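Participant: What follows is a structure written as structure tokens; I'll ask about it next.
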Amino acid sequence: MKISKKVSAIAPSATLAIDAKAKELKAQGIDVAGFGAGEPDFDTPQNIKDAAVRALNAGCTKYTPASGTLELKKAVCAKFARDNGLTYTPDQIVVSNGAKHSLVNIFMAICDPGDEVIIPAPYWVSYPEMVKLADGVPVSLETTAATHFKFTAEQLERAITPKTVALILNSPSNPTGMAYSREELEQIAKVCVKHGIYVVSDEIYEHLLYEGEHVSIASLGEDIKAQTIIVNGVSKTYAMTGWRIGYTASDAKLAKAMGNLQSHASSNPNSIAQAATVEALNGPQDSVAVMKAEFAKRRDYMVSRINAMNGVSCIAPHGAFYVFMSIEELVGKTLHGKVITGANDFAQILLEEAKVAVVPSEGFGIPNYVRWSYATSMETIQKGLDRLEAFLR
Ligand code: PMP
Ligand code: GLU
């Protein structure tokens, strides 16, 4: 059967694959502690659900403009003014079926064949595949624990070639949880402005930051704002993963191009979810603080327990809901009769022997780490770490 070269070359999402595997084992009655997908375990706040019911009953069941309703674009502009001190107009906003879709639109709109996109590693699994789908070339910029998995402006400068069109910046980061400071971003912005490249700034975890302030690189000056495409969405902040709403803010010409693409590829995102998102952005924000406080507790617990164990360690993440655990010390050692050659092995043996599902770092572009998502109950976290402790002993 014919399958295109482009799609044949795409790897499946490692995060979603682990999540599916854990769910499959659970369905078979096996007691798996799942730390795969980064999906908040909280329910969507009631005021947002009520807004969806109202929209449904009011007949909000038709096509909307392909790039989103004016009401929602205005709510997105108000969010950028309130949270990031940024002024955008509705013609600069495109609303899509999740931030994942927003990112695909971006690379389709900015890449020509052979154009390079710089992706700091470790990176979220989907970035390189999205760039490849758009005929672009992903260029990995490797970082290590020594710099808290952050790249420097000098490193970026060295990676830029005449073919570079964009840098992906993801702060706070999935999978490491690290966030860039204002000073670091200022240095990075200088390099991007000097070379005239886009910054694709994925800020989906902005409200899940437990240390320091979130700074949008676009807020550092008019030059860098003109080159930045901000990606955000409601999945993480409002526990709305299933509703599928994400959005971008960019130069109006680029927004128009992405809107045109979307008008043929998918049309508007779900009309009811758009109405619910207006309430999420304009309504009371207290539930965000409640969820964040709970995530912070889980983070502290995980970090202290992991660092008390032999053979594994982690750096305390600043934000998001992931702990990136090093297994470097275990490589070459034998655990439960099997030699650990890397993170893939480790994750597989941990799942088989201890019934704990984590994501190996190969999919994130570096070796010898596994990612734990703490967007799951404290009870599951305790169970998972007890099992890890027993497994390592
Ligand atoms: N960016 C990052 C860094 C993510 O972790 C995710 C999570 N899936 C997304 C974008 C996409 O989120 P969504 O499509 O659910 O809005
Ligand atoms: N972004 C989340 C994660 O990395 C959800 C799964 C996905 O879309 O990849 O786990």
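Simple scheme: letters A, B, ... for chains in structure tokens order, numbers from 1 for residues in each chain, numbers from 1 for ligands in the order shown.
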If the limit is 9 Å from any atom of ligand 1, counting only C-alpha atoms and all ligand atoms, which residues qualify? Return them as a PyMOL selection string.
Facilitator: chain A and resi 15+37-39+96-103+123-127+170-175+202-205+231-236+240-247+320
Participant: Quick one: write out the picked residues with C-alpha atoms as a PDB file, in the first residue's frame?
Facilitator:
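Saved file again-v1.pdb follows:
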ATOM      1  CA  THR A  15       4.345  10.674  24.880  1.00  0.00           C
ATOM      2  CA  ALA A  37       1.157  12.163  28.920  1.00  0.00           C
ATOM      3  CA  GLY A  38       1.197  15.644  30.375  1.00  0.00           C
ATOM      4  CA  GLU A  39      -2.502  15.986  30.921  1.00  0.00           C
ATOM      5  CA  SER A  96      -6.873  26.602  16.155  1.00  0.00           C
ATOM      6  CA  ASN A  97      -7.627  23.048  17.316  1.00  0.00           C
ATOM      7  CA  GLY A  98      -5.070  23.095  20.121  1.00  0.00           C
ATOM      8  CA  ALA A  99      -1.572  24.549  20.331  1.00  0.00           C
ATOM      9  CA  LYS A 100      -0.348  21.489  18.438  1.00  0.00           C
ATOM     10  CA  HIS A 101      -2.410  22.561  15.447  1.00  0.00           C
ATOM     11  CA  SER A 102      -1.226  26.168  15.865  1.00  0.00           C
ATOM     12  CA  LEU A 103       2.381  24.957  15.643  1.00  0.00           C
ATOM     13  CA  TYR A 123      12.591  19.269  23.118  1.00  0.00           C
ATOM     14  CA  TRP A 124       8.931  18.343  23.076  1.00  0.00           C
ATOM     15  CA  VAL A 125       8.591  15.259  20.861  1.00  0.00           C
ATOM     16  CA  SER A 126       6.358  16.856  18.229  1.00  0.00           C
ATOM     17  CA  TYR A 127       8.517  19.824  17.186  1.00  0.00           C
ATOM     18  CA  ASN A 170       9.617  26.757  24.953  1.00  0.00           C
ATOM     19  CA  SER A 171       9.719  28.358  28.389  1.00  0.00           C
ATOM     20  CA  PRO A 172       8.731  26.822  30.778  1.00  0.00           C
ATOM     21  CA  SER A 173       9.919  23.744  28.933  1.00  0.00           C
ATOM     22  CA  ASN A 174       8.448  20.366  28.223  1.00  0.00           C
ATOM     23  CA  PRO A 175      10.225  18.012  29.117  1.00  0.00           C
ATOM     24  CA  ASP A 202       5.547  28.209  22.874  1.00  0.00           C
ATOM     25  CA  GLU A 203       4.227  29.629  26.151  1.00  0.00           C
ATOM     26  CA  ILE A 204       1.625  26.973  26.897  1.00  0.00           C
ATOM     27  CA  TYR A 205       3.008  26.442  30.438  1.00  0.00           C
ATOM     28  CA  VAL A 231       1.758  29.996  20.761  1.00  0.00           C
ATOM     29  CA  ASN A 232      -0.546  29.385  23.695  1.00  0.00           C
ATOM     30  CA  GLY A 233      -3.713  27.492  24.540  1.00  0.00           C
ATOM     31  CA  VAL A 234      -6.115  26.425  27.254  1.00  0.00           C
ATOM     32  CA  SER A 235      -5.182  22.726  27.601  1.00  0.00           C
ATOM     33  CA  LYS A 236      -2.771  23.066  30.503  1.00  0.00           C
ATOM     34  CA  MET A 240      -9.042  21.683  28.900  1.00  0.00           C
ATOM     35  CA  THR A 241      -6.982  19.136  26.933  1.00  0.00           C
ATOM     36  CA  GLY A 242     -10.015  17.556  25.279  1.00  0.00           C
ATOM     37  CA  TRP A 243     -11.610  20.811  24.158  1.00  0.00           C
ATOM     38  CA  ARG A 244      -8.842  21.450  21.606  1.00  0.00           C
ATOM     39  CA  ILE A 245      -8.302  25.195  21.585  1.00  0.00           C
ATOM     40  CA  GLY A 246      -4.944  26.860  20.977  1.00  0.00           C
ATOM     41  CA  TYR A 247      -4.015  30.204  19.473  1.00  0.00           C
ATOM     42  CA  ALA A 320       5.287  22.932  33.708  1.00  0.00           C
TER      43      ALA A 320
END
Participant: Write out as a list in words which residues come within 9 Å of Gln92 (chain A) when counting only C-alpha atoms, dropping same-chain ones fewer than 4 positions away.
Facilitator: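 Within the cut-off, the hits are Lys73, Cys77, Tyr88, Thr248, Ala249, Ser250, Asp251, Ala252, Lys253, Leu254, Ala255 and Lys256 of chain A.
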Participant: Select, from A:Arg298, A:His214, A:Lys21, A:Lys190, the residue with the minimum atom-to-atom distance to Gln227 (chain A), counting only C-alpha atoms.
Facilitator: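 Nearest to Gln227 (chain A): A:Lys190.
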Participant: Could you write out, as a PyMOL selection string, all the residues of region 240-287 of chain A that DSSP marks as strand (DSSP E or B)?
Facilitator: chain A and resi 246-249
Participant: Enumerate the residues of region 104-314 of chain A with a DSSP assignment of helix (DSSP H, G or I), computed from the backbone, and present them as a short mmCIF file (atom, residue, chain, number, x, y, z; two decimals) with N, CA, C and O atoms, in the first residue's frame.
Facilitator:
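That gives us states_30.cif:
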data_model
loop_
_atom_site.label_atom_id
_atom_site.label_comp_id
_atom_site.auth_asym_id
_atom_site.auth_seq_id
_atom_site.Cartn_x
_atom_site.Cartn_y
_atom_site.Cartn_z
N VAL A 104 1.66 23.47 13.85
CA VAL A 104 1.70 22.93 12.49
C VAL A 104 1.41 24.06 11.49
O VAL A 104 2.12 24.20 10.48
N ASN A 105 0.41 24.87 11.79
CA ASN A 105 0.11 26.02 10.91
C ASN A 105 1.33 26.91 10.73
O ASN A 105 1.63 27.36 9.62
N ILE A 106 2.02 27.18 11.83
CA ILE A 106 3.18 28.08 11.77
C ILE A 106 4.24 27.53 10.82
O ILE A 106 4.70 28.24 9.91
N PHE A 107 4.64 26.27 11.02
CA PHE A 107 5.73 25.75 10.18
C PHE A 107 5.30 25.65 8.72
O PHE A 107 6.10 25.90 7.82
N MET A 108 4.03 25.32 8.48
CA MET A 108 3.54 25.29 7.10
C MET A 108 3.62 26.70 6.49
O MET A 108 3.87 26.84 5.30
N ALA A 109 3.41 27.70 7.32
CA ALA A 109 3.36 29.07 6.79
C ALA A 109 4.74 29.72 6.65
O ALA A 109 4.90 30.65 5.87
N ILE A 110 5.74 29.24 7.38
CA ILE A 110 7.04 29.94 7.32
C ILE A 110 8.16 29.14 6.64
O ILE A 110 9.21 29.71 6.35
N SER A 126 7.02 16.54 19.51
CA SER A 126 6.36 16.86 18.23
C SER A 126 7.07 17.90 17.37
O SER A 126 6.83 17.96 16.16
N TYR A 127 7.93 18.72 17.97
CA TYR A 127 8.52 19.82 17.19
C TYR A 127 9.25 19.36 15.91
O TYR A 127 8.96 19.87 14.83
N PRO A 128 10.21 18.43 16.01
CA PRO A 128 10.94 18.09 14.78
C PRO A 128 10.03 17.46 13.72
O PRO A 128 10.21 17.73 12.52
N GLU A 129 9.06 16.68 14.16
CA GLU A 129 8.17 16.02 13.19
C GLU A 129 7.31 17.06 12.46
O GLU A 129 7.06 16.97 11.27
N MET A 130 6.87 18.08 13.21
CA MET A 130 6.06 19.15 12.59
C MET A 130 6.87 19.90 11.54
O MET A 130 6.38 20.24 10.47
N VAL A 131 8.13 20.18 11.87
CA VAL A 131 9.00 20.91 10.94
C VAL A 131 9.20 20.08 9.67
O VAL A 131 9.12 20.58 8.55
N LYS A 132 9.42 18.77 9.86
CA LYS A 132 9.62 17.89 8.70
C LYS A 132 8.37 17.84 7.83
O LYS A 132 8.46 17.83 6.60
N LEU A 133 7.20 17.80 8.46
CA LEU A 133 5.94 17.79 7.70
C LEU A 133 5.82 19.01 6.80
O LEU A 133 5.21 18.95 5.73
N ALA A 145 22.53 19.15 31.51
CA ALA A 145 22.13 19.50 32.88
C ALA A 145 23.02 20.60 33.45
O ALA A 145 22.60 21.39 34.29
N ALA A 146 24.28 20.68 32.95
CA ALA A 146 25.22 21.67 33.47
C ALA A 146 24.71 23.10 33.30
O ALA A 146 24.99 23.97 34.10
N THR A 147 23.93 23.35 32.23
CA THR A 147 23.35 24.69 32.02
C THR A 147 21.84 24.68 32.31
O THR A 147 21.10 25.51 31.79
N ALA A 153 23.00 32.45 24.25
CA ALA A 153 22.95 33.27 23.04
C ALA A 153 24.12 32.93 22.10
O ALA A 153 23.96 32.90 20.88
N GLU A 154 25.30 32.64 22.70
CA GLU A 154 26.49 32.31 21.88
C GLU A 154 26.25 31.01 21.11
O GLU A 154 26.59 30.89 19.93
N GLN A 155 25.69 30.04 21.83
CA GLN A 155 25.40 28.75 21.20
C GLN A 155 24.42 28.93 20.03
O GLN A 155 24.58 28.33 18.96
N LEU A 156 23.42 29.78 20.25
CA LEU A 156 22.43 30.04 19.20
C LEU A 156 23.10 30.69 18.00
O LEU A 156 22.89 30.28 16.85
N GLU A 157 23.92 31.67 18.27
CA GLU A 157 24.63 32.39 17.21
C GLU A 157 25.40 31.41 16.32
O GLU A 157 25.36 31.51 15.10
N ARG A 158 26.06 30.43 16.95
CA ARG A 158 26.85 29.45 16.19
C ARG A 158 25.98 28.52 15.34
O ARG A 158 26.42 28.00 14.33
N ALA A 159 24.73 28.31 15.77
CA ALA A 159 23.86 27.36 15.06
C ALA A 159 23.14 28.00 13.87
O ALA A 159 22.60 27.29 13.01
N ARG A 182 14.55 36.85 32.32
CA ARG A 182 14.47 38.05 31.46
C ARG A 182 15.83 38.34 30.82
O ARG A 182 15.91 38.60 29.62
N GLU A 183 16.90 38.25 31.61
CA GLU A 183 18.25 38.57 31.09
C GLU A 183 18.64 37.58 29.99
O GLU A 183 19.19 37.97 28.95
N GLU A 184 18.37 36.30 30.22
CA GLU A 184 18.71 35.30 29.21
C GLU A 184 17.93 35.56 27.92
O GLU A 184 18.48 35.48 26.81
N LEU A 185 16.65 35.91 28.08
CA LEU A 185 15.81 36.16 26.90
C LEU A 185 16.28 37.40 26.15
O LEU A 185 16.21 37.44 24.92
N GLU A 186 16.75 38.40 26.88
CA GLU A 186 17.24 39.62 26.22
C GLU A 186 18.42 39.28 25.30
O GLU A 186 18.50 39.78 24.17
N GLN A 187 19.32 38.42 25.79
CA GLN A 187 20.47 38.02 24.98
C GLN A 187 20.04 37.23 23.75
O GLN A 187 20.53 37.44 22.64
N ILE A 188 19.09 36.33 23.95
CA ILE A 188 18.58 35.51 22.84
C ILE A 188 17.88 36.40 21.81
O ILE A 188 18.07 36.27 20.59
N ALA A 189 17.08 37.35 22.31
CA ALA A 189 16.33 38.24 21.41
C ALA A 189 17.29 39.05 20.52
O ALA A 189 17.05 39.22 19.32
N LYS A 190 18.41 39.50 21.12
CA LYS A 190 19.39 40.29 20.36
C LYS A 190 19.89 39.50 19.16
O LYS A 190 19.99 40.03 18.05
N VAL A 191 20.21 38.23 19.38
CA VAL A 191 20.73 37.39 18.30
C VAL A 191 19.66 37.19 17.22
O VAL A 191 19.94 37.28 16.02
N CYS A 192 18.42 36.96 17.65
CA CYS A 192 17.34 36.72 16.67
C CYS A 192 17.07 37.97 15.84
O CYS A 192 16.83 37.89 14.64
N VAL A 193 17.11 39.13 16.49
CA VAL A 193 16.87 40.37 15.75
C VAL A 193 18.03 40.62 14.77
O VAL A 193 17.81 40.95 13.60
N LYS A 194 19.26 40.39 15.24
CA LYS A 194 20.43 40.60 14.37
C LYS A 194 20.33 39.76 13.09
O LYS A 194 20.66 40.24 12.00
N HIS A 195 19.86 38.52 13.23
CA HIS A 195 19.80 37.63 12.07
C HIS A 195 18.45 37.63 11.38
O HIS A 195 18.26 36.91 10.39
N ILE A 217 9.14 36.58 25.39
CA ILE A 217 10.23 37.23 24.66
C ILE A 217 9.69 38.39 23.81
O ILE A 217 10.38 39.40 23.59
N ALA A 218 8.43 38.28 23.39
CA ALA A 218 7.83 39.34 22.55
C ALA A 218 7.69 40.66 23.30
O ALA A 218 7.57 41.72 22.69
N SER A 219 7.72 40.58 24.64
CA SER A 219 7.52 41.81 25.44
C SER A 219 8.82 42.59 25.62
O SER A 219 8.84 43.63 26.27
N LEU A 220 9.92 42.12 25.00
CA LEU A 220 11.21 42.76 25.24
C LEU A 220 11.54 43.88 24.27
O LEU A 220 12.63 44.44 24.30
N GLU A 222 9.91 46.23 20.45
CA GLU A 222 9.12 46.18 19.21
C GLU A 222 9.79 45.32 18.13
O GLU A 222 9.12 44.62 17.38
N ASP A 223 11.15 45.35 18.07
CA ASP A 223 11.86 44.57 17.03
C ASP A 223 11.58 43.09 17.20
O ASP A 223 11.19 42.40 16.26
N ILE A 224 11.81 42.62 18.43
CA ILE A 224 11.65 41.18 18.66
C ILE A 224 10.18 40.78 18.60
O ILE A 224 9.83 39.71 18.11
N LYS A 225 9.30 41.67 19.01
CA LYS A 225 7.86 41.35 18.95
C LYS A 225 7.44 41.11 17.49
O LYS A 225 6.67 40.19 17.19
N ALA A 226 7.97 41.92 16.57
CA ALA A 226 7.59 41.79 15.16
C ALA A 226 8.00 40.44 14.58
O ALA A 226 7.38 39.93 13.65
N GLN A 227 9.06 39.83 15.16
CA GLN A 227 9.56 38.55 14.64
C GLN A 227 9.04 37.35 15.43
O GLN A 227 9.35 36.21 15.09
N THR A 241 -7.68 19.86 28.01
CA THR A 241 -6.98 19.14 26.93
C THR A 241 -7.92 18.62 25.85
O THR A 241 -7.59 18.64 24.67
N GLY A 242 -9.11 18.16 26.26
CA GLY A 242 -10.01 17.56 25.28
C GLY A 242 -10.81 18.56 24.45
O GLY A 242 -11.41 18.20 23.45
N TRP A 243 -10.79 19.82 24.86
CA TRP A 243 -11.61 20.81 24.16
C TRP A 243 -10.95 21.26 22.86
O TRP A 243 -11.61 21.75 21.96
N ALA A 252 0.30 40.53 11.46
CA ALA A 252 -1.03 40.33 10.86
C ALA A 252 -0.96 39.60 9.51
O ALA A 252 -1.84 38.80 9.18
N LYS A 253 0.12 39.86 8.74
CA LYS A 253 0.22 39.22 7.42
C LYS A 253 0.39 37.70 7.57
O LYS A 253 -0.22 36.90 6.85
N LEU A 254 1.20 37.33 8.54
CA LEU A 254 1.41 35.91 8.81
C LEU A 254 0.12 35.28 9.36
O LEU A 254 -0.26 34.17 8.98
N ALA A 255 -0.58 36.02 10.22
CA ALA A 255 -1.85 35.50 10.77
C ALA A 255 -2.84 35.26 9.63
O ALA A 255 -3.55 34.25 9.61
N LYS A 256 -2.86 36.15 8.67
CA LYS A 256 -3.77 36.00 7.53
C LYS A 256 -3.41 34.74 6.74
O LYS A 256 -4.27 33.96 6.35
N ALA A 257 -2.10 34.54 6.54
CA ALA A 257 -1.65 33.35 5.79
C ALA A 257 -2.05 32.07 6.53
O ALA A 257 -2.53 31.11 5.91
N MET A 258 -1.87 32.06 7.84
CA MET A 258 -2.23 30.86 8.61
C MET A 258 -3.75 30.65 8.61
O MET A 258 -4.23 29.52 8.55
N GLY A 259 -4.49 31.75 8.64
CA GLY A 259 -5.96 31.66 8.58
C GLY A 259 -6.40 31.09 7.25
O GLY A 259 -7.32 30.26 7.19
N ASN A 260 -5.75 31.50 6.16
CA ASN A 260 -6.09 30.96 4.83
C ASN A 260 -5.84 29.46 4.80
O ASN A 260 -6.66 28.68 4.31
N LEU A 261 -4.67 29.05 5.32
CA LEU A 261 -4.33 27.63 5.35
C LEU A 261 -5.40 26.86 6.13
O LEU A 261 -5.93 25.85 5.67
N GLN A 262 -5.74 27.39 7.29
CA GLN A 262 -6.72 26.71 8.14
C GLN A 262 -8.10 26.66 7.48
O GLN A 262 -8.85 25.70 7.67
N SER A 263 -8.42 27.67 6.68
CA SER A 263 -9.74 27.70 6.04
C SER A 263 -9.91 26.54 5.07
O SER A 263 -11.03 26.12 4.78
N HIS A 264 -8.78 26.00 4.59
CA HIS A 264 -8.87 24.83 3.70
C HIS A 264 -8.63 23.53 4.44
O HIS A 264 -9.18 22.49 4.10
N ALA A 265 -7.77 23.57 5.48
CA ALA A 265 -7.36 22.33 6.13
C ALA A 265 -8.37 21.82 7.16
O ALA A 265 -8.60 20.63 7.27
N SER A 271 -17.07 25.32 17.68
CA SER A 271 -17.75 26.57 18.06
C SER A 271 -18.05 26.63 19.56
O SER A 271 -17.92 27.69 20.19
N ILE A 272 -18.43 25.51 20.15
CA ILE A 272 -18.80 25.50 21.58
C ILE A 272 -17.53 25.66 22.43
O ILE A 272 -17.52 26.38 23.42
N ALA A 273 -16.46 24.98 22.01
CA ALA A 273 -15.19 25.11 22.74
C ALA A 273 -14.67 26.54 22.65
O ALA A 273 -14.06 27.05 23.61
N GLN A 274 -14.91 27.21 21.53
CA GLN A 274 -14.48 28.62 21.43
C GLN A 274 -15.24 29.48 22.45
O GLN A 274 -14.66 30.34 23.11
N ALA A 275 -16.55 29.26 22.56
CA ALA A 275 -17.35 30.03 23.52
C ALA A 275 -16.87 29.74 24.95
O ALA A 275 -16.78 30.66 25.78
N ALA A 276 -16.55 28.49 25.23
CA ALA A 276 -16.06 28.13 26.57
C ALA A 276 -14.72 28.82 26.84
O ALA A 276 -14.43 29.24 27.97
N THR A 277 -13.89 28.95 25.80
CA THR A 277 -12.57 29.57 25.97
C THR A 277 -12.69 31.06 26.28
O THR A 277 -11.87 31.61 27.02
N VAL A 278 -13.74 31.71 25.74
CA VAL A 278 -13.97 33.12 26.09
C VAL A 278 -14.15 33.23 27.60
O VAL A 278 -13.56 34.09 28.26
N GLU A 279 -14.92 32.30 28.18
CA GLU A 279 -15.15 32.32 29.63
C GLU A 279 -13.84 31.98 30.37
O GLU A 279 -13.51 32.61 31.38
N ALA A 280 -13.09 31.01 29.85
CA ALA A 280 -11.82 30.64 30.50
C ALA A 280 -10.91 31.87 30.60
O ALA A 280 -10.33 32.15 31.65
N LEU A 281 -10.82 32.64 29.51
CA LEU A 281 -9.89 33.77 29.48
C LEU A 281 -10.44 35.01 30.19
O LEU A 281 -9.69 35.73 30.84
N ASN A 282 -11.75 35.25 30.06
CA ASN A 282 -12.33 36.48 30.64
C ASN A 282 -12.89 36.27 32.05
O ASN A 282 -13.07 37.23 32.78
N ASP A 286 -9.41 32.13 39.63
CA ASP A 286 -8.97 31.50 40.89
C ASP A 286 -8.62 30.02 40.74
O ASP A 286 -7.74 29.51 41.43
N SER A 287 -9.32 29.30 39.84
CA SER A 287 -9.04 27.86 39.73
C SER A 287 -7.61 27.61 39.24
O SER A 287 -7.00 26.59 39.55
N VAL A 288 -7.06 28.58 38.48
CA VAL A 288 -5.69 28.42 37.97
C VAL A 288 -4.71 28.36 39.16
O VAL A 288 -3.83 27.49 39.22
N ALA A 289 -4.93 29.25 40.13
CA ALA A 289 -4.04 29.30 41.30
C ALA A 289 -4.19 28.04 42.14
O ALA A 289 -3.19 27.52 42.68
N VAL A 290 -5.40 27.52 42.24
CA VAL A 290 -5.64 26.31 43.04
C VAL A 290 -4.89 25.12 42.41
O VAL A 290 -4.18 24.37 43.09
N MET A 291 -5.00 24.98 41.09
CA MET A 291 -4.33 23.86 40.41
C MET A 291 -2.80 24.01 40.50
O MET A 291 -2.09 23.05 40.74
N LYS A 292 -2.35 25.25 40.33
CA LYS A 292 -0.91 25.50 40.39
C LYS A 292 -0.34 25.13 41.77
O LYS A 292 0.73 24.52 41.86
N ALA A 293 -1.07 25.48 42.83
CA ALA A 293 -0.60 25.17 44.18
C ALA A 293 -0.49 23.66 44.37
O ALA A 293 0.46 23.16 44.99
N GLU A 294 -1.42 22.93 43.82
CA GLU A 294 -1.40 21.47 43.92
C GLU A 294 -0.20 20.90 43.12
O GLU A 294 0.52 20.04 43.61
N PHE A 295 0.01 21.42 41.93
CA PHE A 295 1.17 20.97 41.12
C PHE A 295 2.47 21.25 41.86
O PHE A 295 3.40 20.44 41.84
N ALA A 296 2.54 22.41 42.51
CA ALA A 296 3.77 22.79 43.21
C ALA A 296 4.08 21.79 44.33
O ALA A 296 5.24 21.39 44.52
N LYS A 297 3.05 21.36 45.06
CA LYS A 297 3.24 20.37 46.14
C LYS A 297 3.78 19.06 45.58
O LYS A 297 4.71 18.45 46.12
N ARG A 298 3.22 18.65 44.46
CA ARG A 298 3.63 17.38 43.85
C ARG A 298 5.08 17.47 43.36
O ARG A 298 5.85 16.53 43.49
N ARG A 299 5.41 18.61 42.77
CA ARG A 299 6.77 18.84 42.29
C ARG A 299 7.77 18.68 43.44
O ARG A 299 8.75 17.95 43.33
N ASP A 300 7.51 19.37 44.54
CA ASP A 300 8.44 19.34 45.67
C ASP A 300 8.61 17.91 46.19
O ASP A 300 9.71 17.47 46.50
N TYR A 301 7.50 17.21 46.29
CA TYR A 301 7.53 15.84 46.79
C TYR A 301 8.37 14.95 45.85
O TYR A 301 9.25 14.21 46.29
N MET A 302 8.12 15.06 44.56
CA MET A 302 8.84 14.20 43.59
C MET A 302 10.33 14.47 43.61
O MET A 302 11.14 13.55 43.63
N VAL A 303 10.67 15.75 43.60
CA VAL A 303 12.08 16.12 43.54
C VAL A 303 12.82 15.60 44.77
O VAL A 303 13.90 15.02 44.67
N SER A 304 12.21 15.77 45.97
CA SER A 304 12.93 15.35 47.17
C SER A 304 13.04 13.83 47.22
O SER A 304 14.08 13.31 47.61
N ARG A 305 12.00 13.14 46.80
CA ARG A 305 12.10 11.67 46.86
C ARG A 305 13.10 11.12 45.84
O ARG A 305 13.91 10.25 46.15
N ILE A 306 13.06 11.64 44.62
CA ILE A 306 13.98 11.12 43.59
C ILE A 306 15.43 11.38 44.00
O ILE A 306 16.29 10.50 43.89
N ASN A 307 15.69 12.56 44.52
CA ASN A 307 17.07 12.88 44.87
C ASN A 307 17.56 12.14 46.13
O ASN A 307 18.75 12.14 46.42
#
